[in-house]
>>> print(open('structure-v6.txt').read())   # compact mmCIF, C-alpha atoms
# COMPACT_ATOMS: atom_id res chain seq x y z
CA MET A 1 1.25 -44.94 -0.82
CA LYS A 2 -1.78 -43.25 0.69
CA LYS A 3 0.09 -42.70 3.94
CA TYR A 4 3.00 -41.16 2.03
CA LEU A 5 0.69 -38.71 0.24
CA ILE A 6 -0.88 -37.64 3.53
CA LEU A 7 2.55 -37.00 5.08
CA LEU A 8 3.66 -35.08 1.98
CA SER A 9 0.54 -32.92 2.13
CA MET A 10 1.16 -32.16 5.81
CA ALA A 11 4.77 -31.22 5.07
CA LEU A 12 3.75 -28.81 2.34
CA CYS A 13 1.26 -27.12 4.65
CA ILE A 14 3.71 -26.49 7.48
CA GLY A 15 4.18 -22.76 7.95
CA VAL A 16 1.31 -21.86 5.64
CA SER A 17 -0.87 -19.06 6.96
CA ALA A 18 -4.26 -17.81 5.82
CA GLN A 19 -3.39 -14.24 6.81
CA GLU A 20 -1.65 -12.09 4.23
CA LEU A 21 -0.39 -9.18 6.35
CA SER A 22 2.19 -8.72 9.08
CA CYS A 23 1.05 -5.37 10.41
CA ASN A 24 2.04 -3.07 13.23
CA VAL A 25 -0.65 -0.66 14.48
CA THR A 26 0.24 2.44 16.51
CA ILE A 27 -2.17 4.83 18.23
CA ASN A 28 -0.54 8.21 18.86
CA THR A 29 -2.44 10.37 21.38
CA GLN A 30 0.00 13.25 21.80
CA ARG A 31 -2.39 15.71 20.14
CA VAL A 32 -5.32 15.03 22.46
CA ASN A 33 -5.57 15.89 26.15
CA GLN A 34 -6.44 12.51 27.64
CA THR A 35 -5.01 11.20 30.87
CA ASN A 36 -6.92 7.92 30.65
CA GLN A 37 -5.19 5.91 27.93
CA LYS A 38 -7.14 2.68 28.39
CA VAL A 39 -9.49 3.11 25.44
CA PHE A 40 -6.58 3.95 23.13
CA ASN A 41 -4.58 0.94 24.28
CA THR A 42 -7.61 -1.27 23.75
CA LEU A 43 -8.18 0.21 20.30
CA GLN A 44 -4.57 -0.41 19.32
CA LYS A 45 -4.69 -4.03 20.46
CA SER A 46 -8.03 -4.64 18.73
CA LEU A 47 -6.84 -3.14 15.45
CA GLN A 48 -3.58 -5.09 15.56
CA GLU A 49 -5.44 -8.36 16.00
CA PHE A 50 -8.07 -7.42 13.41
CA VAL A 51 -5.53 -6.67 10.67
CA ASN A 52 -3.29 -9.63 11.33
CA LYS A 53 -5.86 -12.33 12.04
CA THR A 54 -8.34 -11.58 9.27
CA GLN A 55 -8.10 -13.50 6.02
CA TRP A 56 -8.63 -10.71 3.48
CA THR A 57 -8.38 -12.83 0.32
CA ASP A 58 -8.24 -16.48 -0.70
CA LEU A 59 -4.44 -16.34 -0.88
CA LYS A 60 -2.47 -18.92 1.10
CA VAL A 61 0.88 -17.55 2.21
CA ARG A 62 3.67 -18.73 4.46
CA ASP A 63 4.59 -16.68 7.52
CA ASN A 64 7.74 -15.36 5.84
CA GLU A 65 5.68 -14.26 2.81
CA ARG A 66 3.29 -12.01 4.74
CA ILE A 67 3.42 -8.38 3.65
CA ASP A 68 5.03 -6.00 6.13
CA CYS A 69 2.85 -2.96 6.72
CA SER A 70 1.80 -0.46 9.36
CA PHE A 71 -1.03 1.87 10.33
CA VAL A 72 -0.20 4.88 12.50
CA PHE A 73 -3.31 6.60 13.86
CA THR A 74 -2.51 10.09 15.16
CA ILE A 75 -5.63 10.97 17.12
CA THR A 76 -6.61 14.63 16.69
CA SER A 77 -9.99 14.50 18.43
CA TYR A 78 -11.79 12.15 20.84
CA GLU A 79 -15.20 12.65 22.42
CA ASN A 80 -18.04 10.28 23.33
CA ASN A 81 -16.52 7.29 21.50
CA ASN A 82 -16.01 9.37 18.35
CA PHE A 83 -12.48 9.68 16.99
CA VAL A 84 -10.79 11.79 14.34
CA ALA A 85 -7.33 10.77 13.23
CA ASP A 86 -4.65 11.33 10.64
CA VAL A 87 -3.63 7.87 9.47
CA GLN A 88 -0.30 6.98 7.89
CA VAL A 89 -0.47 3.74 5.88
CA GLN A 90 2.81 2.10 4.90
CA ALA A 91 3.79 -1.18 3.28
CA SER A 92 6.97 -2.74 1.94
CA ARG A 93 8.27 -5.90 0.33
CA PRO A 94 11.69 -7.56 0.24
CA VAL A 95 13.95 -7.21 -2.78
CA TYR A 96 15.03 -10.55 -4.22
CA ASN A 97 18.33 -11.98 -2.97
CA SER A 98 18.94 -9.12 -0.53
CA ALA A 99 18.05 -7.92 2.96
CA TYR A 100 16.62 -4.69 1.56
CA GLN A 101 12.93 -3.78 1.98
CA THR A 102 11.47 -1.51 -0.69
CA SER A 103 8.56 0.79 0.11
CA LEU A 104 5.32 0.00 -1.74
CA LEU A 105 3.00 2.52 -0.10
CA ASN A 106 3.52 5.56 2.09
CA TYR A 107 0.23 7.40 2.18
CA GLN A 108 -1.52 9.60 4.73
CA GLU A 109 -5.24 10.19 5.11
CA LYS A 110 -6.10 13.24 7.16
CA GLY A 111 -9.26 13.70 9.19
CA PHE A 112 -10.51 10.12 9.19
CA SER A 113 -13.58 9.91 11.46
CA PHE A 114 -14.81 6.75 13.13
CA SER A 115 -16.64 5.48 16.18
CA TYR A 116 -15.28 2.88 18.57
CA LEU A 117 -16.65 1.67 21.88
CA GLU A 118 -14.04 0.20 24.21
CA ASN A 119 -13.83 -3.60 23.85
CA GLU A 120 -16.16 -3.47 20.84
CA PRO A 121 -15.33 -6.43 18.55
CA LEU A 122 -14.10 -5.56 15.08
CA PHE A 123 -15.18 -7.71 12.17
CA PHE A 124 -15.45 -7.43 8.40
CA ASN A 125 -18.21 -8.62 6.08
CA SER A 126 -17.25 -8.48 2.40
CA SER A 127 -20.92 -8.28 1.41
CA ALA A 128 -22.08 -5.49 3.72
CA PHE A 129 -20.95 -2.38 5.57
CA THR A 130 -20.23 -3.04 9.25
CA SER A 131 -18.42 0.08 10.48
CA ASN A 132 -16.32 2.91 9.09
CA LEU A 133 -13.28 1.68 11.00
CA SER A 134 -13.43 -1.93 9.82
CA SER A 135 -14.14 -0.85 6.23
CA PHE A 136 -11.22 1.58 6.30
CA ILE A 137 -8.83 -1.13 7.45
CA ALA A 138 -10.23 -3.66 4.97
CA TYR A 139 -9.92 -1.19 2.11
CA TYR A 140 -6.25 -0.43 2.75
CA ALA A 141 -5.45 -4.07 3.50
CA LEU A 142 -6.71 -4.95 0.01
CA ILE A 143 -4.94 -1.99 -1.61
CA ILE A 144 -1.68 -3.11 0.02
CA ILE A 145 -2.16 -6.71 -1.13
CA GLY A 146 -2.98 -5.50 -4.64
CA ILE A 147 0.06 -3.23 -4.98
CA ASP A 148 2.29 -5.99 -3.65
CA ALA A 149 0.83 -8.41 -6.22
CA ASP A 150 1.35 -5.85 -8.99
CA SER A 151 5.05 -5.74 -8.12
CA PHE A 152 5.40 -9.49 -8.75
CA ALA A 153 3.17 -10.05 -11.79
CA PRO A 154 1.74 -7.82 -14.53
CA THR A 155 -1.68 -6.57 -13.33
CA GLY A 156 -1.46 -9.13 -10.52
CA GLY A 157 -3.27 -6.81 -8.14
CA PHE A 158 -6.55 -6.47 -10.06
CA PRO A 159 -8.54 -9.13 -8.12
CA TYR A 160 -7.71 -7.37 -4.86
CA PHE A 161 -8.44 -3.89 -6.20
CA GLU A 162 -11.85 -5.23 -7.27
CA GLN A 163 -12.42 -6.43 -3.71
CA ALA A 164 -11.41 -2.99 -2.43
CA LEU A 165 -13.96 -1.44 -4.81
CA SER A 166 -16.64 -3.65 -3.23
CA VAL A 167 -15.71 -2.20 0.16
CA VAL A 168 -16.15 1.29 -1.29
CA LEU A 169 -19.52 0.46 -2.83
CA ASN A 170 -20.78 -1.06 0.43
CA ALA A 171 -19.88 2.18 2.22
CA GLN A 172 -21.80 4.52 -0.09
CA SER A 173 -24.59 5.15 2.44
CA THR A 174 -22.21 6.53 5.07
CA SER A 175 -21.48 10.19 5.74
CA ASP A 176 -17.74 9.74 5.14
CA THR A 177 -17.14 11.61 1.87
CA ALA A 178 -13.88 9.73 1.20
CA TRP A 179 -16.01 6.81 0.00
CA GLN A 180 -18.03 8.99 -2.36
CA GLN A 181 -17.76 9.32 -6.12
CA ASN A 182 -17.88 13.11 -6.09
CA GLY A 183 -14.67 13.49 -4.07
CA THR A 184 -11.13 13.97 -5.35
CA ASN A 185 -7.98 12.16 -4.26
CA ASN A 186 -10.07 9.98 -1.98
CA ARG A 187 -10.66 6.24 -1.47
CA TRP A 188 -13.16 6.09 -4.32
CA GLN A 189 -10.78 7.73 -6.78
CA LEU A 190 -7.75 5.69 -5.74
CA VAL A 191 -9.37 2.32 -6.34
CA THR A 192 -11.26 3.34 -9.48
CA ASP A 193 -8.05 4.76 -10.95
CA LEU A 194 -6.27 1.50 -10.11
CA LEU A 195 -8.95 -0.41 -12.02
CA SER A 196 -9.19 1.99 -14.97
CA GLU A 197 -7.73 1.07 -18.37
CA ASP A 198 -6.48 4.66 -18.57
CA PHE A 199 -3.90 3.86 -15.90
CA GLU A 200 -2.53 0.57 -17.24
CA ALA A 201 0.92 2.16 -17.40
CA PHE A 202 0.94 2.50 -13.62
CA HIS A 203 0.67 -1.28 -13.18
CA SER A 204 3.26 -1.91 -15.87
CA ALA A 205 5.64 0.54 -14.21
CA LEU A 206 5.16 -1.13 -10.82
CA TYR A 207 6.00 -4.54 -12.26
CA ASN A 208 8.98 -3.40 -14.31
CA TYR A 209 10.35 -1.24 -11.49
CA HIS A 210 10.26 -4.07 -8.94
CA ARG A 211 10.48 -7.41 -10.72
CA LYS A 212 12.68 -6.46 -13.68
CA GLY A 213 14.54 -3.66 -11.90
CA LEU A 214 15.05 -3.94 -8.15
CA ASP A 215 14.86 -7.74 -8.03
CA MET A 216 17.61 -7.94 -10.66
CA MET A 217 19.88 -5.39 -8.95
CA VAL A 218 22.20 -8.04 -7.48
CA THR A 219 22.61 -9.75 -10.87
CA ASP A 220 23.22 -6.67 -13.03
CA ALA A 221 22.99 -3.36 -11.18
CA GLN A 222 23.43 -1.14 -14.22
CA LYS A 223 20.82 -2.93 -16.32
CA ALA A 224 18.37 -2.91 -13.40
CA LYS A 225 19.00 0.79 -12.88
CA ASN A 226 18.19 1.56 -16.52
CA ILE A 227 15.01 -0.56 -16.38
CA ILE A 228 13.90 1.40 -13.33
CA GLY A 229 14.53 4.60 -15.27
CA ALA A 230 12.49 3.30 -18.19
CA SER A 231 9.59 2.50 -15.85
CA LEU A 232 9.49 6.17 -14.89
CA LEU A 233 9.09 7.11 -18.54
CA GLU A 234 6.05 4.80 -18.61
CA LEU A 235 4.54 6.87 -15.82
CA ASN A 236 5.23 9.99 -17.83
CA GLU A 237 3.29 8.61 -20.80
CA MET A 238 0.33 8.00 -18.50
CA ASN A 239 0.64 11.51 -17.11
CA ASN A 240 0.63 12.98 -20.63
CA SER A 241 -2.71 11.35 -21.36
CA ARG A 242 -4.36 12.09 -17.99
CA ILE A 243 -4.53 15.36 -16.06
CA ASN A 244 -4.98 13.76 -12.66
CA ARG A 245 -1.75 12.86 -10.88
CA PHE A 246 -3.09 10.99 -7.85
CA LEU A 247 -1.44 7.65 -8.68
CA THR A 248 1.88 9.23 -9.62
CA GLN A 249 1.81 11.18 -6.34
CA ILE A 250 1.28 7.94 -4.43
CA PHE A 251 4.09 6.27 -6.38
CA PHE A 252 6.65 8.99 -5.64
CA ASP A 253 5.65 9.39 -2.01
CA ALA A 254 6.73 5.76 -1.62
CA LYS A 255 9.75 5.85 -3.95
CA ALA A 256 11.41 9.30 -3.86
CA ASP A 257 14.13 8.47 -1.32
CA GLU A 258 14.86 5.14 -2.99
CA LEU A 259 15.12 6.66 -6.46
CA ALA A 260 17.54 9.33 -5.27
CA LEU A 261 19.70 6.59 -3.73
CA ILE A 262 19.62 4.34 -6.81
CA PHE A 263 20.35 7.11 -9.32
CA SER A 264 23.00 9.00 -7.32
CA GLY A 265 25.63 6.24 -7.43
CA GLY A 266 27.31 3.92 -9.91
CA LYS A 267 27.68 4.39 -13.65
CA PRO A 268 25.72 7.16 -15.39
CA LEU A 269 22.07 6.43 -16.07
CA GLU A 270 20.91 5.93 -19.65
CA LYS A 271 18.63 8.77 -20.78
CA LYS A 272 19.70 10.65 -17.64
CA GLU A 273 18.52 14.08 -18.81
CA GLU A 274 15.16 12.78 -20.03
CA ILE A 275 14.54 10.87 -16.79
CA GLN A 276 15.63 13.81 -14.67
CA GLN A 277 13.27 16.12 -16.54
CA THR A 278 10.49 13.56 -16.18
CA LEU A 279 11.00 13.35 -12.43
CA GLN A 280 10.98 17.14 -12.12
CA LYS A 281 7.72 17.20 -14.08
CA LEU A 282 5.96 14.34 -12.28
CA ALA A 283 7.14 15.05 -8.72
CA PRO A 284 8.42 18.63 -8.43
CA THR A 285 8.13 18.56 -4.62
CA TYR A 286 11.11 16.21 -4.60
CA SER A 287 13.28 18.38 -6.86
CA GLU A 288 16.16 18.44 -4.35
CA LYS A 289 16.36 14.65 -4.56
CA TRP A 290 16.29 14.65 -8.37
CA ALA A 291 19.21 17.07 -8.41
CA GLN A 292 21.34 14.26 -6.92
CA ILE A 293 21.00 12.10 -10.05
CA LYS A 294 24.28 11.38 -11.82
>>> encode(input="structure-v6.txt", output="structure tokens")
Amino acid sequence: MKKYLILLSMALCIGVSAQELSCNVTINTQRVNQTNQKVFNTLQKSLQEFVNKTQWTDLKVRDNERIDCSFVFTITSYENNNFVADVQVQASRPVYNSAYQTSLLNYQEKGFSFSYLENEPLFFNSSAFTSNLSSFIAYYALIIIGIDADSFAPTGGFPYFEQALSVVLNAQSTSDTAWQQNGTNNRWQLVTDLLSEDFEAFHSALYNYHRKGLDMMVTDAQKAKNIIGASLLELNEMNNSRINRFLTQIFFDAKADELALIFSGGKPLEKKEEIQQTLQKLAPTYSEKWAQIK
């Protein structure tokens, strides 16, 4: 019996990975005049290994459950081991019973400054600040994990947002203002908004949109479509009670193309006019897409 239990335990552990992310890192150097690409190639390799081989949480996931994501660093300045980059952070998750990947995050930080010495090891300490680069990666790794968790369970991402807040607090002594409380639309604000009771509707909308909407699309497309529409009205209620639109901006930057696709086909959407007006109000920069709604 003991031997059987050992074999069963081994079988259950096959394919289980401690790492939560499956990430692709790209370093784009087209905007800097550098003929020697070695340091950039080394940086890309180091970041790729750092993201994918670090255990960011206590989650145990199988290889096929790792979250697909990417970091694209467009280097705008490089001198004496000091870099400035615009960084595009993206993440997605599969939709149940389909081959479709839905975007969870599509966010760009401009002007991120960091230092990196070629072949310098990257590591992360959850209790202390180690470097601006490692903290930046850790912060967004935890944000990605949290948003993914929110899409599967109501407020499922809170433990990971709390860990991301710890990263922010550990970085308070640095000169990077994106960690600071007095900034707007920065790392501090994003994670504190995610943890604020004032923005509970954002987490509810994420869950309803993905788990009750997209994941049910194969079973009942029209019902799922209407649930997705209702989740947008939840975001509108949050917007009515709060002036700041940072979270709604992040939501629509990830979802605008998908929403236009979902709402432009099939049977008419329930509360079409109300939802269309809501979209125009919450994300006017995507008004051309909202005009496609039927």
>>> closest_residue(input="structure-v6.txt", among="A:Leu206, A:Val89, A:Leu165, A:Leu190", to="Leu232 in chain A", atoms="only C-alpha atoms")
A:Leu206
>>> atom_distance(input="structure-v6.txt", atom1="CA of Gln90 in chain A", atom2="CA of Leu269 in chain A")
28.8 Å
>>> atom_distance(input="structure-v6.txt", atom1="CA of Phe152 in chain A", atom2="CA of Arg187 in chain A")
23.6 Å
>>> residues_around(input="structure-v6.txt", residues="Leu169 in chain A", least_positions_apart="4", cutoff="12 Å", atoms="only C-alpha atoms", output="PyMOL selection string")
chain A and resi 126-129+135+139+162-165+173-174+178-181+187-188+191-192
>>> atom_distance(input="structure-v6.txt", atom1="CA of Gln292 in chain A", atom2="CA of Lys271 in chain A")
15.2 Å
>>> residues_around(input="structure-v6.txt", residues="Phe114 in chain A", least_positions_apart="2", cutoff="6 Å", atoms="only C-alpha atoms", output="ChimeraX atom specification")
/A:82-83,132-133
>>> residues_around(input="structure-v6.txt", residues="Asn80 in chain A", least_positions_apart="5", cutoff="10 Å", atoms="only C-alpha atoms", output="ChimeraX atom specification")
/A:115-117
>>> closest_residue(input="structure-v6.txt", among="A:Ala171, A:Ala260, A:Leu104, A:Leu59", to="Tyr207 in chain A", atoms="only C-alpha atoms")
A:Leu104
>>> closest_residue(input="structure-v6.txt", among="A:Lys294, A:Lys45, A:Lys212, A:Lys60", to="Ile228 in chain A", atoms="all atoms listed in the file")
A:Lys212
>>> closest_residue(input="structure-v6.txt", among="A:Leu235, A:Ile250, A:Ala85, A:Val61", to="Tyr107 in chain A", atoms="all atoms listed in the file")
A:Ile250
>>> closest_residue(input="structure-v6.txt", among="A:Phe199, A:Phe71, A:Phe112, A:Tyr100", to="Ala141 in chain A", atoms="all atoms listed in the file")
A:Phe71
>>> residues_around(input="structure-v6.txt", residues="Lys255 in chain A", least_positions_apart="6", cutoff="9 Å", atoms="all atoms listed in the file", output="VMD selection string")
chain A and resid 102 to 106
